[in-house]
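Okay, my_file17.cif now, which holds mmCIF, C-alpha atoms:
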data_target
#
loop_
_atom_site.label_atom_id
_atom_site.label_comp_id
_atom_site.auth_asym_id
_atom_site.auth_seq_id
_atom_site.Cartn_x
_atom_site.Cartn_y
_atom_site.Cartn_z
CA MET A 27 0.00 0.00 0.00
CA LYS A 28 1.39 3.37 -1.01
CA ILE A 29 1.36 5.98 1.69
CA PHE A 30 1.89 9.24 -0.17
CA THR A 31 -1.10 9.08 -2.48
CA LYS A 32 -3.13 12.09 -3.55
CA LYS A 33 -6.13 10.71 -1.67
CA ASN A 34 -4.22 10.46 1.61
CA GLY A 35 -2.95 13.99 1.08
CA VAL A 36 -6.51 15.25 0.72
CA TYR A 37 -7.59 13.36 3.85
CA ALA A 38 -4.67 14.81 5.80
CA LEU A 39 -5.50 18.35 4.65
CA CYS A 40 -9.16 17.95 5.60
CA GLY A 41 -7.97 16.53 8.92
CA THR A 42 -5.79 19.57 9.52
CA ALA A 43 -8.82 21.85 9.17
CA VAL A 44 -10.86 19.66 11.53
CA GLY A 45 -8.00 19.52 14.03
CA PHE A 46 -7.55 23.28 13.86
CA ILE A 47 -11.17 23.93 14.86
CA ASN A 48 -11.19 21.18 17.47
CA GLY A 49 -7.98 22.40 19.08
CA MET A 50 -9.03 26.03 18.99
CA LEU A 51 -12.60 25.56 20.27
CA GLY A 52 -12.18 22.33 22.25
CA ALA A 53 -15.14 20.85 20.38
CA GLY A 54 -16.88 20.99 17.05
CA GLY A 55 -14.31 18.98 15.15
CA GLY A 56 -16.68 16.03 14.89
CA MET A 57 -19.50 18.16 13.53
CA LEU A 58 -17.11 19.45 10.88
CA ALA A 59 -15.67 16.00 10.13
CA VAL A 60 -19.09 14.47 9.39
CA PRO A 61 -19.89 16.48 6.22
CA ILE A 62 -16.28 16.15 5.01
CA LEU A 63 -16.31 12.37 5.43
CA LYS A 64 -19.59 12.25 3.53
CA LYS A 65 -17.92 14.08 0.65
CA CYS A 66 -15.22 11.40 0.77
CA GLY A 67 -17.87 8.82 -0.08
CA MET A 68 -19.26 7.67 3.26
CA ASP A 69 -22.96 7.39 3.99
CA GLN A 70 -24.51 9.41 6.82
CA LYS A 71 -24.12 6.82 9.59
CA SER A 72 -20.58 5.77 8.60
CA ALA A 73 -19.55 9.41 8.52
CA HIS A 74 -20.76 9.84 12.10
CA THR A 75 -19.08 6.63 13.24
CA ASN A 76 -15.75 7.46 11.61
CA ALA A 77 -15.83 11.08 12.72
CA VAL A 78 -15.52 9.87 16.32
CA ALA A 79 -12.47 7.79 15.38
CA VAL A 80 -10.90 10.77 13.59
CA ILE A 81 -11.45 13.07 16.55
CA LEU A 82 -10.06 10.72 19.22
CA PRO A 83 -6.30 11.18 18.54
CA ILE A 84 -6.85 14.89 17.89
CA THR A 85 -8.59 15.21 21.25
CA ILE A 86 -5.84 13.36 23.12
CA VAL A 87 -3.13 15.68 21.77
CA SER A 88 -5.31 18.76 22.39
CA ALA A 89 -6.13 17.72 25.96
CA VAL A 90 -2.45 17.22 26.79
CA MET A 91 -1.68 20.69 25.42
CA TYR A 92 -4.52 22.28 27.42
CA ILE A 93 -3.15 20.67 30.59
CA LEU A 94 0.39 21.85 29.79
CA LYS A 95 -0.92 25.37 29.25
CA ASP A 96 -2.71 25.17 32.62
CA TYR A 97 -6.18 25.85 31.21
CA VAL A 98 -7.56 22.73 32.86
CA SER A 99 -6.61 19.93 35.22
CA LEU A 100 -7.79 16.33 35.43
CA LYS A 101 -9.80 16.98 38.58
CA ASP A 102 -12.04 19.48 36.74
CA ALA A 103 -13.25 16.82 34.35
CA TYR A 104 -13.65 13.53 36.16
CA ILE A 105 -17.15 14.05 37.61
CA TYR A 106 -18.68 14.16 34.13
CA ILE A 107 -17.03 10.99 32.92
CA PRO A 108 -19.14 8.18 34.53
CA THR A 109 -22.47 9.35 33.10
CA GLY A 110 -20.67 10.32 29.91
CA VAL A 111 -19.43 6.77 29.40
CA ILE A 112 -22.96 5.43 30.01
CA GLY A 113 -24.22 7.95 27.46
CA SER A 114 -21.54 6.89 25.03
CA LEU A 115 -22.64 3.25 25.21
CA ILE A 116 -26.28 4.30 24.74
CA GLY A 117 -25.21 6.34 21.72
CA THR A 118 -23.28 3.52 20.06
CA ALA A 119 -26.25 1.17 20.53
CA ALA A 120 -28.78 3.72 19.29
CA ILE A 121 -26.94 5.11 16.26
CA ARG A 122 -28.14 2.46 13.81
CA LYS A 123 -31.72 2.57 15.11
CA ILE A 124 -32.54 6.12 15.95
CA SER A 125 -34.01 8.62 13.50
CA ALA A 126 -30.99 10.75 12.72
CA LYS A 127 -33.28 13.29 11.09
CA TRP A 128 -35.14 14.28 14.25
CA LEU A 129 -32.09 14.03 16.43
CA SER A 130 -30.13 16.40 14.24
CA LEU A 131 -33.07 18.80 13.89
CA ILE A 132 -33.57 19.03 17.65
CA PHE A 133 -29.87 19.34 18.28
CA SER A 134 -29.45 21.99 15.56
CA GLY A 135 -32.13 24.11 17.16
CA PHE A 136 -30.34 23.78 20.48
CA MET A 137 -27.02 24.77 18.86
CA ILE A 138 -28.49 27.94 17.39
CA TYR A 139 -30.03 28.87 20.73
CA ALA A 140 -26.75 28.30 22.57
CA GLY A 141 -24.78 30.19 19.91
CA ILE A 142 -26.97 33.24 20.35
CA ARG A 143 -26.66 33.01 24.14
CA LEU A 144 -22.87 32.91 23.87
CA LEU A 145 -22.72 35.85 21.48
CA ILE A 146 -24.84 38.15 23.67
CA LYS A 147 -23.35 36.97 26.97
CA MET B 19 -22.14 17.63 42.36
CA ASN B 20 -25.64 18.06 41.05
CA ILE B 21 -28.03 16.16 38.87
CA VAL B 22 -27.82 18.69 36.02
CA ALA B 23 -24.06 18.14 35.76
CA LEU B 24 -24.60 14.38 35.54
CA LEU B 25 -27.27 14.85 32.87
CA ALA B 26 -25.01 17.17 30.89
CA GLY B 27 -22.38 14.41 30.96
CA LEU B 28 -24.95 11.82 29.87
CA PHE B 29 -26.31 13.78 26.91
CA SER B 30 -22.87 14.88 25.90
CA GLY B 31 -21.81 11.22 25.89
CA VAL B 32 -24.80 10.07 23.82
CA LEU B 33 -24.35 12.80 21.19
CA GLY B 34 -20.55 12.56 21.29
CA ALA B 35 -20.59 8.82 20.56
CA MET B 36 -22.86 9.48 17.59
CA GLY B 37 -20.63 12.21 16.19
CA LEU B 38 -23.36 14.78 16.63
CA GLY B 39 -21.32 17.35 18.46
CA GLY B 40 -21.69 16.19 22.04
CA GLY B 41 -18.82 18.43 23.03
CA SER B 42 -20.83 21.53 22.57
CA VAL B 43 -23.43 20.29 25.11
CA LEU B 44 -20.85 20.11 27.87
CA ILE B 45 -19.15 23.37 26.94
CA ILE B 46 -22.50 25.19 26.72
CA TYR B 47 -23.53 23.75 30.09
CA LEU B 48 -20.23 24.78 31.69
CA THR B 49 -20.05 28.30 30.27
CA LEU B 50 -23.72 29.27 30.41
CA LEU B 51 -24.84 27.53 33.61
CA THR B 52 -21.75 27.28 35.81
CA ASP B 53 -19.61 30.32 34.93
CA THR B 54 -16.62 28.20 34.00
CA LYS B 55 -14.09 30.09 31.90
CA GLN B 56 -14.28 29.32 28.17
CA LEU B 57 -10.82 27.78 27.89
CA THR B 58 -11.29 25.69 31.03
CA ALA B 59 -14.64 24.47 29.68
CA GLN B 60 -12.96 23.52 26.42
CA GLY B 61 -10.24 21.68 28.30
CA ILE B 62 -12.81 19.83 30.43
CA ASN B 63 -14.64 18.80 27.29
CA LEU B 64 -11.44 17.54 25.66
CA LEU B 65 -10.54 15.46 28.73
CA PHE B 66 -14.12 14.25 29.06
CA PHE B 67 -14.25 13.17 25.44
CA ILE B 68 -11.22 10.83 25.62
CA PRO B 69 -12.93 7.97 27.56
CA ILE B 70 -16.20 8.57 25.70
CA ALA B 71 -14.53 8.31 22.31
CA LEU B 72 -12.43 5.32 23.43
CA CYS B 73 -15.65 3.46 24.33
CA ALA B 74 -17.40 4.43 21.13
CA VAL B 75 -14.46 3.70 18.83
CA GLY B 76 -13.92 0.37 20.62
CA VAL B 77 -17.51 -0.65 19.92
CA TYR B 78 -17.42 0.58 16.30
CA ALA B 79 -14.05 -1.09 15.63
CA PHE B 80 -15.38 -4.35 17.05
CA LYS B 81 -18.34 -4.07 14.66
CA LYS B 82 -15.87 -3.33 11.82
CA GLN B 83 -17.45 0.03 11.09
CA ILE B 84 -14.24 2.04 11.14
CA LYS B 85 -12.57 2.73 7.80
CA TRP B 86 -8.98 2.93 8.99
CA ALA B 87 -7.54 3.79 5.55
CA THR B 88 -9.42 7.10 5.73
CA VAL B 89 -9.28 7.68 9.48
CA ILE B 90 -5.50 7.39 9.88
CA PRO B 91 -4.33 10.05 7.35
CA PHE B 92 -7.24 12.25 8.46
CA SER B 93 -6.18 12.09 12.11
CA LEU B 94 -2.51 12.67 11.36
CA GLY B 95 -3.40 15.91 9.60
CA GLY B 96 -5.79 16.64 12.45
CA VAL B 97 -3.11 16.45 15.13
CA LEU B 98 -1.06 19.07 13.27
CA GLY B 99 -4.17 21.24 12.92
CA ALA B 100 -4.92 20.91 16.63
CA VAL B 101 -1.48 22.23 17.58
CA LEU B 102 -1.98 25.23 15.27
CA GLY B 103 -5.52 25.83 16.60
CA ILE B 104 -4.37 25.83 20.22
CA MET B 105 -1.58 28.28 19.37
CA LEU B 106 -4.20 30.62 17.92
CA THR B 107 -6.51 30.25 20.94
CA SER B 108 -3.70 31.08 23.36
CA ALA B 109 -2.94 34.15 21.29
CA ILE B 110 -6.49 35.55 21.11
CA GLY B 111 -7.71 34.54 24.60
CA GLY B 112 -10.91 33.01 25.97
CA ASN B 113 -13.43 35.81 25.38
CA LEU B 114 -12.93 36.07 21.65
CA THR B 115 -12.75 32.27 21.38
CA SER B 116 -16.13 32.09 23.12
CA LYS B 117 -17.69 34.43 20.53
CA ILE B 118 -16.19 32.43 17.66
CA PHE B 119 -17.55 29.26 19.26
CA GLY B 120 -21.03 30.84 19.45
CA GLY B 121 -20.86 31.97 15.83
CA LEU B 122 -19.80 28.51 14.66
CA LEU B 123 -22.68 26.89 16.59
CA ILE B 124 -25.21 29.12 14.84
CA ILE B 125 -23.73 28.48 11.39
CA LEU B 126 -23.49 24.69 11.85
CA GLY B 127 -26.97 24.50 13.39
CA ALA B 128 -28.57 26.48 10.57
CA LYS B 129 -26.71 24.45 7.96
CA GLU B 130 -27.76 21.15 9.48
CA ILE B 131 -31.43 22.20 9.59
CA LEU B 132 -31.35 23.29 5.94
CA LEU B 133 -29.60 20.08 4.85
CA THR B 134 -32.03 17.87 6.76
CA LEU B 135 -35.02 19.66 5.26
CA LYS B 136 -33.52 19.44 1.77
CA ARG B 137 -32.85 15.72 2.14
CA TYR B 138 -36.36 15.18 3.46
CA LEU B 139 -37.96 17.00 0.54
CA LYS B 140 -35.76 15.18 -1.98
CA ASN B 141 -36.66 11.78 -0.57
CA LYS B 142 -40.33 12.67 -0.45
CA LYS B 143 -40.22 13.61 -4.12
CA LYS B 144 -38.58 10.34 -5.14
CA GLY B 145 -40.93 8.38 -2.95
CA ASP B 146 -38.24 6.35 -1.29
CA ILE B 147 -34.86 6.69 0.30
CA ILE B 148 -32.03 6.42 -2.15
CA LYS B 149 -28.60 6.24 -0.67
CA THR B 150 -26.24 8.41 -2.60
CA ASN B 151 -22.70 7.20 -2.39
CA LYS B 152 -20.69 9.46 -4.57
CA CYS B 153 -16.93 9.39 -4.27
CA SER B 154 -15.46 12.80 -4.74
CA LYS B 155 -12.36 13.01 -6.88
CA ARG B 156 -10.96 16.10 -5.31
#
Structure rendered as structure tokens:
Amino acid sequence: MKIFTKKNGVYALCGTAVGFINGMLGAGGGMLAVPILKKCGMDQKSAHTNAVAVILPITIVSAVMYILKDYVSLKDAYIYIPTGVIGSLIGTAAIRKISAKWLSLIFSGFMIYAGIRLLIK
Amino acid sequence: MNIVALLAGLFSGVLGAMGLGGGSVLIIYLTLLTDTKQLTAQGINLLFFIPIALCAVGVYAFKKQIKWATVIPFSLGGVLGAVLGIMLTSAIGGNLTSKIFGGLLIILGAKEILLTLKRYLKNKKKGDIIKTNKCSKR
């Protein structure tokens, strides 16, 4: 398998953009990765599944840098993790069954609301 | 520790595992409801997401749903991008970052609503769901 193909170069460039947003804003990389992965030929559900895999290494590197820069420490985060892991398992089980249409509509509405709140804060 | 915090973690985990932007739930909760500083909230979300993503990716990999040939070059580019993004954030500070975050939420939310409606109308017209699977040659 050749490594330096044009396709891999395109993936890496797209990844750089996703990583940039995710590192800068601490979130949002996945939401950006989903439409890009769809353009690369994945269907809706695969794009969501693979977006999580793409974001994982990016998140690990970002988290280490945030700790080194003293923005956050491990003790700030741990209380959210137990229910988060439960939620994660629910999510993985539900993704192939749930109506992605309604979920994304509801969540989009919530995002717009929160965005406005943050801008006028 | 309160019940709202636990629920924020739960919802963030569900949405995060589905690649629906769970991170923004936790950051929004932290910045709007608990007065956490933007950059700390972002850091909490990043730390929080590691075990969540490990669980999700583990399950998806076990089900052979991960396309490693795409994911690996994508992530390698992503790590470089993350370093650049964090350098920019440190330069501009938390307040401006918070506004940019808000702006991005609005844009992505509006875009997703439009896309979903468009897809819905298209499928309704054709009478059934046709999976498009175009491979871009960019």
key: Surrounding residues of segment 130-134 of chain B excluding itself and chain neighbours under 6 positions, 8 Å, all atoms listed in the file, as a ChimeraX atom specification   = /A:127,130-131,134-135
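Using all atoms listed in the file, the nearest neighbour of Arg122 of chain A within the list B:Leu24, B:Met36, B:Val101, B:Leu72 is B:Met36.
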message = Residues within 12 Å of Leu115 of chain A, please, as a ChimeraX atom specification. Count only C-alpha atoms; anything in the same chain fewer than 6 positions from it doesn't count.
response = /A:108-109,121 /B:28-36,69-78
For atom CA of Tyr106 of chain A and atom CA of Leu129 of chain A, the interatomic separation in Å (one decimal) = 22.2 Å
Would you tabulate, counting all atoms listed in the file, all residues of segment 93-138 of chain A that have an atom at most 12 Å from an atom of segment 71-87 of chain A, showing the closest pair of atoms and their distance in Å to one decimal, sorted by chain then ascending number, as a tab-separated table?
residue	atom	partner	partner_atom	distance
A:Ile93	CA	A:Val87	CA	10.1
A:Leu94	CA	A:Val87	CA	10.7
A:Ser114	CA	A:Val78	CA	11.0
A:Gly117	CA	A:Thr75	CA	10.5
A:Thr118	CA	A:Thr75	CA	8.6
A:Ala119	CA	A:Thr75	CA	11.6
A:Ala120	CA	A:Lys71	CA	11.2
A:Ile121	CA	A:Lys71	CA	7.4
A:Arg122	CA	A:Lys71	CA	7.3
A:Lys123	CA	A:Lys71	CA	10.3
A:Ile124	CA	A:Lys71	CA	10.6
A:Ser125	CA	A:Lys71	CA	10.8
A:Ala126	CA	A:Lys71	CA	8.5
A:Lys127	CA	A:Lys71	CA	11.3
A:Ser130	CA	A:His74	CA	11.6
Save out the residues we just selected, C-alpha atoms, as a JSON list (two decimals), keeping the file's coordinate frame.
[["chain", "number", "residue", "atom", "x", "y", "z"],
["A", 93, "ILE", "CA", -3.15, 20.67, 30.59],
["A", 94, "LEU", "CA", 0.39, 21.85, 29.79],
["A", 114, "SER", "CA", -21.54, 6.89, 25.03],
["A", 117, "GLY", "CA", -25.21, 6.34, 21.72],
["A", 118, "THR", "CA", -23.28, 3.52, 20.06],
["A", 119, "ALA", "CA", -26.25, 1.17, 20.53],
["A", 120, "ALA", "CA", -28.78, 3.72, 19.29],
["A", 121, "ILE", "CA", -26.94, 5.11, 16.26],
["A", 122, "ARG", "CA", -28.14, 2.46, 13.81],
["A", 123, "LYS", "CA", -31.72, 2.57, 15.11],
["A", 124, "ILE", "CA", -32.54, 6.12, 15.95],
["A", 125, "SER", "CA", -34.01, 8.62, 13.50],
["A", 126, "ALA", "CA", -30.99, 10.75, 12.72],
["A", 127, "LYS", "CA", -33.28, 13.29, 11.09],
["A", 130, "SER", "CA", -30.13, 16.40, 14.24]]
inquiry  = With the PyMOL selection byres ((chain B and resi 26) around 12) as the selection, what would be picked from this file? Answer as an NGL selection string, please.
reply    = (:A and (105-113)) or (:B and (19-25 or 27-34 or 40-48 or 51-52 or 63 or 66))
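The coordinates place atom CA of Gly49 of chain A at 28.8 Å from atom CA of Lys81 of chain B.
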task = Quick one: residues within 10 Å of (-23.5, 27.8, 13.3) (file frame), counting all atoms listed in the file, please, as a ChimeraX atom specification.
result = /A:134,137-142 /B:118-130
query = Excluding same-chain residues fewer than 6 positions from Ala89 of chain A, what lies within 10 Å of it counting all atoms listed in the file, as a list in words?
reply = Gly49, Gly52, Pro83, Lys95, Tyr97, Val98, Ser99 and Leu100 of chain A; Gln60, Gly61, Ile62, Asn63, Leu64, Leu65, Phe66, Phe67, Ile68 and Ala100 of chain B
query = What is the distance, in Å and to one decimal place, between atom CA of Leu58 of chain A and atom CA of Thr88 of chain B?
reply = 15.4 Å
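Distances here use all atoms listed in the file; by that measure, the residue among B:Lys82, B:Gly37, B:Leu114, B:Asn141 closest to chain A is B:Gly37.
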remark   = The residue from B:Trp86, B:Thr107, B:Lys136, B:Gln56 with the smallest atom-to-atom distance to chain A, counting all atoms listed in the file, is B:Thr107
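Each of A:Ala38, A:Met91, A:Ile29, A:Met57 was compared to Ser108 of chain B using all atoms listed in the file, and A:Met91 turns out to be the nearest.
Here the residues that fall within 9 Å of (-16.6, 31.9, 25.1), using only C-alpha atoms, are given as Leu51, Leu144, Leu145 and Lys147 of chain A; Thr49, Lys55, Gln56, Leu57, Ala59, Gly112, Asn113, Leu114, Thr115, Ser116, Lys117, Ile118, Phe119 and Gly120 of chain B.
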task = Enumerate, as a ChimeraX atom specification, the residues matched when the PyMOL selection byres ((chain A and resi 37) around 12) is run on the file above.
result = /A:29-36,38-45,59,62-63,65-67,80 /B:86-96,154-156
Counting all atoms listed in the file, the option among B:Ala79, B:Gly39, B:Thr54, B:Gly111 closest to chain A = B:Gly39
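Nearest to chain A of all the residues B:Leu38, B:Ala109, B:Leu139, B:Asp53 is B:Leu38, counting all atoms listed in the file.
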